[in-house]
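**Q** Okay, so here is protein-v1.cif, and as you'll see once you scroll down, it has mmCIF, C-alpha atoms.
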```cif
data_my_file
loop_
_atom_site.group_PDB
_atom_site.id
_atom_site.type_symbol
_atom_site.label_atom_id
_atom_site.label_comp_id
_atom_site.auth_asym_id
_atom_site.auth_seq_id
_atom_site.Cartn_x
_atom_site.Cartn_y
_atom_site.Cartn_z
ATOM 1 C CA ALA A 1 -0.650 -53.349 -14.119
ATOM 2 C CA GLY A 2 -3.244 -53.770 -11.381
ATOM 3 C CA VAL A 3 -1.539 -51.265 -9.053
ATOM 4 C CA VAL A 4 -1.277 -48.652 -11.777
ATOM 5 C CA GLU A 5 -4.919 -49.175 -12.744
ATOM 6 C CA ALA A 6 -6.039 -48.884 -9.117
ATOM 7 C CA PHE A 7 -4.013 -45.692 -8.797
ATOM 8 C CA ARG A 8 -5.586 -44.263 -11.972
ATOM 9 C CA VAL A 9 -9.101 -45.103 -10.809
ATOM 10 C CA SER A 10 -8.505 -43.529 -7.393
ATOM 11 C CA ARG A 11 -7.248 -40.363 -9.056
ATOM 12 C CA VAL A 12 -10.368 -40.080 -11.223
ATOM 13 C CA GLY A 13 -12.623 -39.482 -8.223
ATOM 14 C CA TYR A 14 -10.499 -37.057 -6.200
ATOM 15 C CA PRO A 15 -7.361 -36.220 -8.187
ATOM 16 C CA GLN A 16 -6.060 -33.594 -5.768
ATOM 17 C CA ARG A 17 -5.024 -34.634 -2.262
ATOM 18 C CA TYR A 18 -3.427 -32.537 0.437
ATOM 19 C CA ASN A 19 -2.369 -33.217 4.001
ATOM 20 C CA HIS A 20 -4.316 -31.117 6.476
ATOM 21 C CA ALA A 21 -1.277 -28.910 7.159
ATOM 22 C CA GLN A 22 -0.565 -28.472 3.449
ATOM 23 C CA PHE A 23 -4.184 -27.593 2.729
ATOM 24 C CA VAL A 24 -4.364 -25.049 5.554
ATOM 25 C CA THR A 25 -1.037 -23.510 4.518
ATOM 26 C CA ARG A 26 -2.038 -23.289 0.861
ATOM 27 C CA TYR A 27 -5.594 -21.972 1.234
ATOM 28 C CA LYS A 28 -5.716 -20.217 4.625
ATOM 29 C CA ASN A 29 -5.707 -16.791 2.949
ATOM 30 C CA LEU A 30 -9.143 -17.513 1.489
ATOM 31 C CA ALA A 31 -10.760 -17.615 4.943
ATOM 32 C CA LEU A 32 -8.594 -15.645 7.355
ATOM 33 C CA LYS A 33 -11.556 -14.067 9.143
ATOM 34 C CA GLU A 34 -13.269 -17.383 9.718
ATOM 35 C CA LEU A 35 -10.068 -18.995 10.999
ATOM 36 C CA ALA A 36 -9.457 -16.124 13.416
ATOM 37 C CA LYS A 37 -13.080 -16.248 14.571
ATOM 38 C CA ALA A 38 -12.866 -20.006 15.126
ATOM 39 C CA ALA A 39 -9.602 -19.657 17.036
ATOM 40 C CA LYS A 40 -11.208 -17.131 19.399
ATOM 41 C CA GLY A 41 -14.420 -19.130 19.764
ATOM 42 C CA SER A 42 -15.235 -21.417 22.658
ATOM 43 C CA ARG A 43 -15.846 -24.461 20.425
ATOM 44 C CA LYS A 44 -12.619 -26.078 19.409
ATOM 45 C CA MET A 45 -12.695 -27.063 15.750
ATOM 46 C CA LYS A 46 -9.820 -28.211 13.656
ATOM 47 C CA PRO A 47 -8.500 -25.399 11.460
ATOM 48 C CA VAL A 48 -8.939 -27.604 8.408
ATOM 49 C CA ASP A 49 -12.653 -28.126 9.151
ATOM 50 C CA THR A 50 -13.228 -24.402 9.627
ATOM 51 C CA LEU A 51 -11.292 -23.637 6.479
ATOM 52 C CA VAL A 52 -13.128 -26.229 4.378
ATOM 53 C CA ASP A 53 -16.551 -24.988 5.573
ATOM 54 C CA ALA A 54 -15.687 -21.360 4.848
ATOM 55 C CA ILE A 55 -14.198 -22.167 1.453
ATOM 56 C CA ALA A 56 -17.184 -24.350 0.513
ATOM 57 C CA LYS A 57 -19.573 -21.467 1.283
ATOM 58 C CA LYS A 58 -17.489 -19.124 -0.848
ATOM 59 C CA MET A 59 -17.389 -21.678 -3.658
ATOM 60 C CA VAL A 60 -21.194 -21.960 -3.600
ATOM 61 C CA GLU A 61 -21.441 -18.145 -3.693
ATOM 62 C CA ILE A 62 -19.176 -18.095 -6.745
ATOM 63 C CA ASP A 63 -20.877 -21.020 -8.508
ATOM 64 C CA PRO A 64 -24.398 -21.691 -7.158
ATOM 65 C CA THR A 65 -24.728 -24.792 -9.345
ATOM 66 C CA LEU A 66 -22.246 -26.635 -7.103
ATOM 67 C CA ALA A 67 -24.619 -27.083 -4.177
ATOM 68 C CA ALA A 68 -27.437 -25.416 -2.326
ATOM 69 C CA PRO A 69 -27.449 -24.710 1.414
ATOM 70 C CA ILE A 70 -29.397 -27.182 3.519
ATOM 71 C CA ASP A 71 -31.456 -24.481 5.218
ATOM 72 C CA PRO A 72 -32.211 -21.624 2.779
ATOM 73 C CA LYS A 73 -33.684 -19.430 5.564
ATOM 74 C CA SER A 74 -30.391 -18.971 7.373
ATOM 75 C CA ARG A 75 -27.784 -18.619 4.639
ATOM 76 C CA SER A 76 -25.021 -17.309 6.903
ATOM 77 C CA ASP A 77 -25.157 -20.188 9.397
ATOM 78 C CA SER A 78 -26.102 -22.939 6.951
ATOM 79 C CA LYS A 79 -23.805 -25.832 6.184
ATOM 80 C CA VAL A 80 -22.926 -26.778 2.645
ATOM 81 C CA ASP A 81 -22.887 -30.379 1.492
ATOM 82 C CA LEU A 82 -19.184 -30.931 0.937
ATOM 83 C CA MET A 83 -19.766 -34.004 -1.225
ATOM 84 C CA GLU A 84 -21.730 -31.925 -3.761
ATOM 85 C CA VAL A 85 -19.097 -29.185 -3.712
ATOM 86 C CA GLY A 86 -16.375 -31.714 -4.383
ATOM 87 C CA ILE A 87 -14.377 -31.565 -1.166
ATOM 88 C CA GLN A 88 -13.898 -34.374 1.325
ATOM 89 C CA VAL A 89 -12.023 -34.167 4.612
ATOM 90 C CA GLY A 90 -10.398 -37.376 5.774
ATOM 91 C CA LYS A 91 -8.491 -38.133 8.952
ATOM 92 C CA THR A 92 -5.191 -36.937 7.532
ATOM 93 C CA LYS A 93 -5.974 -35.597 4.066
ATOM 94 C CA VAL A 94 -8.306 -33.293 2.184
ATOM 95 C CA PHE A 95 -9.553 -34.629 -1.154
ATOM 96 C CA LEU A 96 -10.622 -32.342 -3.991
ATOM 97 C CA ARG A 97 -12.437 -33.090 -7.209
ATOM 98 C CA ARG A 98 -11.140 -31.445 -10.377
ATOM 99 C CA ARG A 99 -13.873 -28.771 -10.531
ATOM 100 C CA ALA A 100 -13.500 -27.875 -6.851
ATOM 101 C CA PHE A 101 -9.735 -27.709 -7.269
ATOM 102 C CA ASP A 102 -10.075 -25.409 -10.284
ATOM 103 C CA ILE A 103 -12.445 -23.075 -8.427
ATOM 104 C CA LEU A 104 -10.160 -23.071 -5.381
ATOM 105 C CA GLU A 105 -7.116 -22.277 -7.483
ATOM 106 C CA ASN A 106 -8.996 -19.463 -9.261
ATOM 107 C CA MET A 107 -10.040 -18.043 -5.874
ATOM 108 C CA ARG A 108 -6.453 -18.312 -4.646
ATOM 109 C CA LYS A 109 -5.080 -16.647 -7.784
ATOM 110 C CA ALA A 110 -7.632 -13.841 -7.472
ATOM 111 C CA TYR A 111 -6.694 -13.341 -3.815
ATOM 112 C CA ILE A 112 -2.981 -13.289 -4.644
ATOM 113 C CA ALA A 113 -3.584 -10.874 -7.534
ATOM 114 C CA THR A 114 -5.602 -8.551 -5.281
ATOM 115 C CA ALA A 115 -2.951 -8.733 -2.567
ATOM 116 C CA THR A 116 -0.246 -8.044 -5.141
ATOM 117 C CA VAL A 117 -2.095 -4.993 -6.422
ATOM 118 C CA LYS A 118 -2.526 -3.714 -2.859
ATOM 119 C CA ILE A 119 1.151 -4.225 -2.097
ATOM 120 C CA GLN A 120 2.129 -2.501 -5.331
ATOM 121 C CA ALA A 121 -0.217 0.384 -4.552
ATOM 122 C CA LEU A 122 1.295 0.781 -1.086
ATOM 123 C CA ALA A 123 4.817 0.605 -2.493
ATOM 124 C CA ARG A 124 4.028 3.132 -5.224
ATOM 125 C CA GLY A 125 2.359 5.378 -2.675
ATOM 126 C CA PHE A 126 5.410 5.166 -0.424
ATOM 127 C CA ILE A 127 7.731 5.943 -3.337
ATOM 128 C CA GLN A 128 5.561 8.853 -4.456
ATOM 129 C CA GLN A 129 5.349 10.199 -0.924
ATOM 130 C CA ARG A 130 9.125 9.978 -0.532
ATOM 131 C CA THR A 131 9.624 11.660 -3.912
ATOM 132 C CA PHE A 132 7.124 14.373 -2.994
ATOM 133 C CA THR A 133 8.910 14.959 0.322
ATOM 134 C CA GLU A 134 12.262 15.198 -1.466
ATOM 135 C CA HIS A 135 10.781 17.671 -3.968
ATOM 136 C CA CYS A 136 9.299 19.740 -1.145
ATOM 137 C CA GLU A 137 12.610 19.809 0.713
ATOM 138 C CA SER A 138 14.579 20.706 -2.410
ATOM 139 C CA SER A 139 12.106 23.432 -3.398
ATOM 140 C CA LEU A 140 12.254 24.787 0.161
ATOM 141 C CA GLN A 141 16.051 24.861 -0.012
ATOM 142 C CA LEU A 142 15.886 26.534 -3.425
ATOM 143 C CA GLN A 143 13.448 29.121 -2.054
ATOM 144 C CA CYS A 144 15.814 29.688 0.873
ATOM 145 C CA TRP A 145 18.751 30.301 -1.470
ATOM 146 C CA VAL A 146 16.692 32.665 -3.629
ATOM 147 C CA ARG A 147 15.598 34.576 -0.513
ATOM 148 C CA VAL A 148 19.228 34.840 0.599
ATOM 149 C CA ILE A 149 20.235 36.218 -2.804
ATOM 150 C CA ILE A 150 17.329 38.696 -2.786
ATOM 151 C CA ALA A 151 18.167 39.760 0.785
ATOM 152 C CA GLU A 152 21.854 40.240 -0.127
ATOM 153 C CA ARG A 153 20.819 42.412 -3.086
ATOM 154 C CA LYS A 154 18.521 44.477 -0.860
ATOM 155 C CA VAL A 155 21.276 44.916 1.720
ATOM 156 C CA GLN A 156 23.690 45.950 -1.028
ATOM 157 C CA THR A 157 21.148 48.457 -2.396
ATOM 158 C CA VAL A 158 20.529 49.887 1.088
ATOM 159 C CA ARG A 159 24.290 50.164 1.698
ATOM 160 C CA GLU A 160 24.715 51.957 -1.620
ATOM 161 C CA LEU A 161 21.884 54.360 -0.738
ATOM 162 C CA VAL A 162 23.283 55.033 2.740
ATOM 163 C CA ASN A 163 26.781 55.599 1.347
ATOM 164 C CA ALA A 164 25.381 57.825 -1.420
ATOM 165 C CA ARG A 165 23.602 59.941 1.219
ATOM 166 C CA LYS A 166 26.818 60.217 3.232
ATOM 167 C CA ILE A 167 28.712 61.353 0.124
ATOM 168 C CA GLN A 168 25.947 63.810 -0.761
ATOM 169 C CA ASN A 169 25.892 65.099 2.808
ATOM 170 C CA ALA A 170 29.671 65.565 2.831
ATOM 171 C CA TYR A 171 29.611 67.343 -0.545
ATOM 172 C CA ARG A 172 26.749 69.645 0.492
ATOM 173 C CA ARG A 173 28.601 70.457 3.702
ATOM 174 C CA TYR A 174 31.753 71.205 1.731
ATOM 175 C CA ALA A 175 29.840 73.284 -0.830
ATOM 176 C CA GLY A 176 27.881 75.089 1.902
ATOM 177 C CA ARG A 177 31.050 75.899 3.862
ATOM 178 C CA ARG A 178 32.778 77.162 0.742
ATOM 179 C CA TYR A 179 29.834 79.393 -0.042
ATOM 180 C CA TYR A 180 29.762 80.563 3.572
ATOM 181 C CA LEU A 181 33.453 81.373 3.507
ATOM 182 C CA CYS A 182 32.992 83.233 0.239
ATOM 183 C CA VAL A 183 30.181 85.269 1.757
ATOM 184 C CA LEU A 184 32.325 86.029 4.831
ATOM 185 C CA SER A 185 35.293 87.119 2.807
ATOM 186 C CA VAL A 186 33.150 89.464 0.720
ATOM 187 C CA THR A 187 31.689 91.204 3.693
#
```
Translate the structure described by the file into structure tokens.

**A**
Amino acid sequence: AGVVEAFRVSRVGYPQRYNHAQFVTRYKNLALKELAKAAKGSRKMKPVDTLVDAIAKKMVEIDPTLAAPIDPKSRSDSKVDLMEVGIQVGKTKVFLRRRAFDILENMRKAYIATATVKIQALARGFIQQRTFTEHCESSLQLQCWVRVIIAERKVQTVRELVNARKIQNAYRRYAGRRYYLCVLSVT
């Protein structure tokens, strides 16, 4: 019973524990800019340290009652007391108190929800754009067919008019010649 009790007591203080790699993998989306900036920087810091510092600052911004920055004059460069926030970084693990874990999970869920909405918006936009393009192409083809039909009707009308003029011309010639021959035979 002593081992179980010791385990229970250890879980009361920091119930959530992650390996450094697990922590970075799980929460890296919450501080991508800071991780990229640290990777490009001249000072080599462990990714987990950079991530924990960035997340702690964001947690204090979300819930100012967690901790206050050490130097209130320079808020952007100030360090946050990780013990007050509820995060501890060990040699191989990151320890989280219940409240810090809840805030982190809420931040992660909000990030995932925002990313999901963005992905859905892009997908819907792509689908709408493709549908719009298909509608434009089909309406263009429909317009083309209508123009062909209208052009065929115009050509048919012009042919009928030309043929009617030829018939009228031939009849007038015939009638004029008949009249001429009648006039010649009378004189």

**Q** Once 8 Å is added on each side, what centre and edge lengths in Å to one decimal does the axis-aligned box around all listed atoms of range 33-38 of chain A have, as JSON?

**A**
```
{"center_x": -11.4, "center_y": -17.0, "center_z": 12.1, "size_x": 19.8, "size_y": 21.9, "size_z": 22.0}
```

**Q** To one decimal place, how far is CA of Arg108 in chain A from CA of Ala38 in chain A in Å?

**A**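 We find that CA of Arg108 in chain A and CA of Ala38 in chain A lie 20.9 Å from each other.
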
**Q** Using Å and a single decimal, report how far CA of Leu66 in chain A sits from CA of Thr116 in chain A.

**A** 28.9 Å

**Q** Could you pull the residues within 9 Å of Val52 in chain A, counting all atoms listed in the file, minus those fewer than 2 positions along the same chain, as a ChimeraX atom specification?

**A** /A:24,31,47-50,54-57,82,87-89,94

**Q** Which value, in Å to one decimal, gives the distance between CA of Gln16 in chain A and CA of Phe95 in chain A?

**A**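 Interatomic distance here is 5.9 Å.
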
**Q** Run the PyMOL selection byres ((chain A and resi 84) around 12) against the file shown and list the residues it catches, as a PyMOL selection string.

**A** chain A and resi 56-57+59-60+63-70+79-83+85-88+96-97+99-100

**Q** Once the PyMOL selection byres ((chain A and resi 19) around 8) has been applied to the shown file, what residues remain in the selection, as a ChimeraX atom specification?

**A** /A:17-18,20-23,92-94
